[in-house]
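Student: Have a look at this one.
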Amino acid sequence: QVQLVESGGGLVQPGGSLRLSCKSAGFTLNSYAIGWFRQAPGKEREWVSCISSSSGSREFPDSVTGRFTISRDTLKNTVYLQMNSLKPEDTADYYCALALIDGSSCPRRNDEYDYWGQGTRVTVSS
């Protein structure tokens with residue numbers, strides 16, 4: 001069973017930054033596409049970013065383009081979501097997910113992912 005663990009969430013003021021991490025014990029993330037999603041209270045889960053297994057594709061919706069970046073550390077078997085210039089509307093629970101696909105695919109839909117973490121909460125407030 002693949003277990004994904006997110007960390008790095010917390011309370012930050014508007015304009016601040018956070019870096020979220022997605023790790024897996026006993027399963028390599030490096031061979032598969034990883035996505036980040038978020039879900040705010042009362043709203044549907046929203047795609048935030050994805051990185052293909054080759055790391056050649058990194059995609060973002062317009063709402064976070066220019067503020068968020070995604071990267072891998074293959075030695076640490078970790079995927080990071082760097083979030084800058086945070087806004088109150090970025091407040092949500094953030095989830096990483098793994099899609100059992102390789103190559104340059106960068107999935108954007110919930111149903112394209114096979115495993116999910118438990119989430120980490122990000123609150124942007126003054």
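Chain lettering (A, B, ...) mirrors the order of the structure tokens, residue numbering begins at 1 for each chain separately, and ligand numbering begins at 1 in order of display.
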Please identify which residues in chain A DSSP calls strand (DSSP E) from the backbone, and express them as number ranges by chain.
Tutor: A: 4-7, 10-12, 18-24, 33-39, 46-51, 58-59, 68-73, 78-83, 92-99, 115-116, 120-124
Student: Would you pick out the contacts of Gly16 in chain A at 12 Å or less, using only C-alpha atoms, so that residues sharing its chain but fewer than 4 positions from it are not included, and give the list as number ranges by chain?
Tutor: A: 10-12, 67-68, 82-88, 90, 122-126
Student: Convert the current residue selection to file output with N, CA and C atoms, as an mmCIF file, in the first residue's frame.
Tutor:
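Wrote it out as out34.cif, contents follow:
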```cif
data_model
loop_
_atom_site.group_PDB
_atom_site.id
_atom_site.type_symbol
_atom_site.label_atom_id
_atom_site.label_comp_id
_atom_site.auth_asym_id
_atom_site.auth_seq_id
_atom_site.Cartn_x
_atom_site.Cartn_y
_atom_site.Cartn_z
ATOM 1 N N GLY A 10 0.548 25.394 7.673
ATOM 2 C CA GLY A 10 0.546 26.236 8.859
ATOM 3 C C GLY A 10 -0.167 27.542 8.603
ATOM 4 N N LEU A 11 0.023 28.440 9.541
ATOM 5 C CA LEU A 11 -0.581 29.777 9.452
ATOM 6 C C LEU A 11 0.457 30.756 8.926
ATOM 7 N N VAL A 12 0.069 31.512 7.921
ATOM 8 C CA VAL A 12 0.986 32.487 7.337
ATOM 9 C C VAL A 12 0.202 33.747 6.990
ATOM 10 N N ARG A 67 3.085 32.105 -8.803
ATOM 11 C CA ARG A 67 3.247 32.156 -7.339
ATOM 12 C C ARG A 67 3.703 30.818 -6.773
ATOM 13 N N PHE A 68 3.277 29.719 -7.376
ATOM 14 C CA PHE A 68 3.604 28.382 -6.892
ATOM 15 C C PHE A 68 4.590 27.723 -7.844
ATOM 16 N N GLN A 82 6.277 24.823 -3.517
ATOM 17 C CA GLN A 82 6.667 26.121 -2.966
ATOM 18 C C GLN A 82 5.578 27.126 -3.280
ATOM 19 N N MET A 83 5.046 27.745 -2.244
ATOM 20 C CA MET A 83 3.950 28.687 -2.410
ATOM 21 C C MET A 83 4.393 30.062 -1.941
ATOM 22 N N ASN A 84 4.414 31.006 -2.835
ATOM 23 C CA ASN A 84 4.815 32.372 -2.538
ATOM 24 C C ASN A 84 3.642 33.325 -2.742
ATOM 25 N N SER A 85 3.778 34.517 -2.208
ATOM 26 C CA SER A 85 2.748 35.551 -2.369
ATOM 27 C C SER A 85 1.368 34.999 -2.025
ATOM 28 N N LEU A 86 1.290 34.345 -0.909
ATOM 29 C CA LEU A 86 0.044 33.679 -0.544
ATOM 30 C C LEU A 86 -1.070 34.678 -0.278
ATOM 31 N N LYS A 87 -2.274 34.258 -0.627
ATOM 32 C CA LYS A 87 -3.462 35.091 -0.481
ATOM 33 C C LYS A 87 -4.452 34.370 0.440
ATOM 34 N N PRO A 88 -5.358 35.104 1.047
ATOM 35 C CA PRO A 88 -6.368 34.446 1.895
ATOM 36 C C PRO A 88 -7.149 33.363 1.144
ATOM 37 N N ASP A 90 -6.032 31.247 -0.778
ATOM 38 C CA ASP A 90 -5.241 30.019 -0.844
ATOM 39 C C ASP A 90 -5.477 29.133 0.374
ATOM 40 N N VAL A 122 -3.320 24.723 5.284
ATOM 41 C CA VAL A 122 -2.697 26.019 5.055
ATOM 42 C C VAL A 122 -3.731 27.103 5.333
ATOM 43 N N THR A 123 -3.370 28.006 6.215
ATOM 44 C CA THR A 123 -4.246 29.131 6.547
ATOM 45 C C THR A 123 -3.501 30.423 6.276
ATOM 46 N N VAL A 124 -4.070 31.252 5.441
ATOM 47 C CA VAL A 124 -3.471 32.535 5.098
ATOM 48 C C VAL A 124 -4.358 33.623 5.690
ATOM 49 N N SER A 125 -3.842 34.260 6.722
ATOM 50 C CA SER A 125 -4.650 35.236 7.439
ATOM 51 C C SER A 125 -3.752 36.195 8.196
ATOM 52 N N SER A 126 -4.213 37.420 8.332
ATOM 53 C CA SER A 126 -3.480 38.390 9.132
ATOM 54 C C SER A 126 -4.003 38.400 10.568
#
```
Student: With distances taken over only C-alpha atoms, which residue among A:Leu75, A:Ser55, A:Pro41, A:Gly35 lies nearest Asp111 in chain A?
Tutor: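 Comparing A:Leu75, A:Ser55, A:Pro41, A:Gly35 against Asp111 in chain A, the winner is A:Gly35.
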Student: Contacts of range 27-29 of chain A at 10 Å or less, counting only C-alpha atoms, minus same-chain residues fewer than 5 places along, as a ChimeraX atom specification?
Tutor: /A:1-4,22,34,53,72-74,76-79,98-100
Student: Write the residues of the preceding selection, restricted to C-alpha atoms, as a CSV table (one decimal), in the first residue's frame.
Tutor:
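And here's part33.csv as it stands now:
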```csv
chain,number,residue,atom,x,y,z
A,1,GLN,CA,0.0,0.0,0.0
A,2,VAL,CA,1.3,3.4,-1.0
A,3,GLN,CA,1.3,6.0,1.8
A,4,LEU,CA,1.8,9.6,1.1
A,22,CYS,CA,5.1,15.1,0.0
A,34,ILE,CA,2.7,13.7,-8.5
A,53,SER,CA,7.6,11.5,-13.6
A,72,ARG,CA,11.4,16.9,-6.9
A,73,ASP,CA,14.3,15.9,-4.8
A,74,THR,CA,15.0,12.4,-6.0
A,76,LYS,CA,15.1,12.5,-0.6
A,77,ASN,CA,12.2,10.9,-2.5
A,78,THR,CA,10.2,14.1,-1.9
A,79,VAL,CA,8.1,16.4,-4.0
A,98,LEU,CA,0.3,9.9,-7.0
A,99,ALA,CA,-0.7,8.7,-10.5
A,100,LEU,CA,0.8,5.4,-11.6
```
Student: Which residues come within 10 Å of Asn110 in chain A, counting only C-alpha atoms, excluding same-chain residues fewer than 4 positions away, as a list in words?
Tutor: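 These residues fall inside the cut-off: Gly35, Trp36, Phe37, Arg45, Glu46, Trp47, Ala97, Ala99, Asp114 and Trp116 of chain A.
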Student: Can you write out the residues you just picked, keeping N, CA, C and O atoms, as a PDB file, in the first residue's frame?
Tutor:
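Output below, filename result-v4.pdb:
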```
ATOM      1  N   GLY A  35       0.727  15.006  -8.090  1.00  0.00           N
ATOM      2  CA  GLY A  35      -0.104  16.197  -8.163  1.00  0.00           C
ATOM      3  C   GLY A  35      -0.365  16.778  -6.787  1.00  0.00           C
ATOM      4  O   GLY A  35      -0.266  16.072  -5.775  1.00  0.00           O
ATOM      5  N   TRP A  36      -0.688  18.042  -6.769  1.00  0.00           N
ATOM      6  CA  TRP A  36      -1.145  18.715  -5.549  1.00  0.00           C
ATOM      7  C   TRP A  36      -2.551  19.241  -5.808  1.00  0.00           C
ATOM      8  O   TRP A  36      -2.824  19.815  -6.877  1.00  0.00           O
ATOM      9  N   PHE A  37      -3.391  19.059  -4.819  1.00  0.00           N
ATOM     10  CA  PHE A  37      -4.759  19.548  -4.866  1.00  0.00           C
ATOM     11  C   PHE A  37      -5.042  20.288  -3.567  1.00  0.00           C
ATOM     12  O   PHE A  37      -4.319  20.136  -2.588  1.00  0.00           O
ATOM     13  N   ARG A  45     -12.691  19.870  -4.282  1.00  0.00           N
ATOM     14  CA  ARG A  45     -11.250  19.757  -4.385  1.00  0.00           C
ATOM     15  C   ARG A  45     -10.788  20.341  -5.716  1.00  0.00           C
ATOM     16  O   ARG A  45     -11.384  20.076  -6.761  1.00  0.00           O
ATOM     17  N   GLU A  46      -9.702  21.099  -5.653  1.00  0.00           N
ATOM     18  CA  GLU A  46      -9.216  21.859  -6.792  1.00  0.00           C
ATOM     19  C   GLU A  46      -7.777  21.451  -7.103  1.00  0.00           C
ATOM     20  O   GLU A  46      -6.928  21.385  -6.204  1.00  0.00           O
ATOM     21  N   TRP A  47      -7.490  21.212  -8.354  1.00  0.00           N
ATOM     22  CA  TRP A  47      -6.131  20.910  -8.772  1.00  0.00           C
ATOM     23  C   TRP A  47      -5.266  22.159  -8.647  1.00  0.00           C
ATOM     24  O   TRP A  47      -5.673  23.264  -9.037  1.00  0.00           O
ATOM     25  N   ALA A  97      -0.935  13.716  -4.356  1.00  0.00           N
ATOM     26  CA  ALA A  97      -1.492  12.491  -4.921  1.00  0.00           C
ATOM     27  C   ALA A  97      -0.519  11.922  -5.938  1.00  0.00           C
ATOM     28  O   ALA A  97       0.262  12.664  -6.547  1.00  0.00           O
ATOM     29  N   ALA A  99      -0.052   9.412  -9.324  1.00  0.00           N
ATOM     30  CA  ALA A  99      -0.671   8.727 -10.468  1.00  0.00           C
ATOM     31  C   ALA A  99       0.324   7.713 -11.008  1.00  0.00           C
ATOM     32  O   ALA A  99       1.480   8.052 -11.267  1.00  0.00           O
ATOM     33  N   ASP A 114      -4.094   7.731  -8.203  1.00  0.00           N
ATOM     34  CA  ASP A 114      -4.344   6.430  -7.592  1.00  0.00           C
ATOM     35  C   ASP A 114      -4.198   6.424  -6.069  1.00  0.00           C
ATOM     36  O   ASP A 114      -4.831   5.616  -5.384  1.00  0.00           O
ATOM     37  N   TRP A 116      -3.567   8.963  -2.408  1.00  0.00           N
ATOM     38  CA  TRP A 116      -3.690  10.296  -1.831  1.00  0.00           C
ATOM     39  C   TRP A 116      -3.123  10.323  -0.427  1.00  0.00           C
ATOM     40  O   TRP A 116      -3.212   9.332   0.313  1.00  0.00           O
TER      41      TRP A 116
END
```
Student: Suppose you want the space between CA of Ser52 in chain A and CA of Arg108 in chain A; what is it in Å?
Tutor: 11.0 Å
Student: Could you tell me how far CA of Glu89 in chain A lies from CA of Gly117 in chain A, in Å and to one decimal?
Tutor: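 Interatomic distance, CA of Glu89 in chain A to CA of Gly117 in chain A: 21.8 Å.
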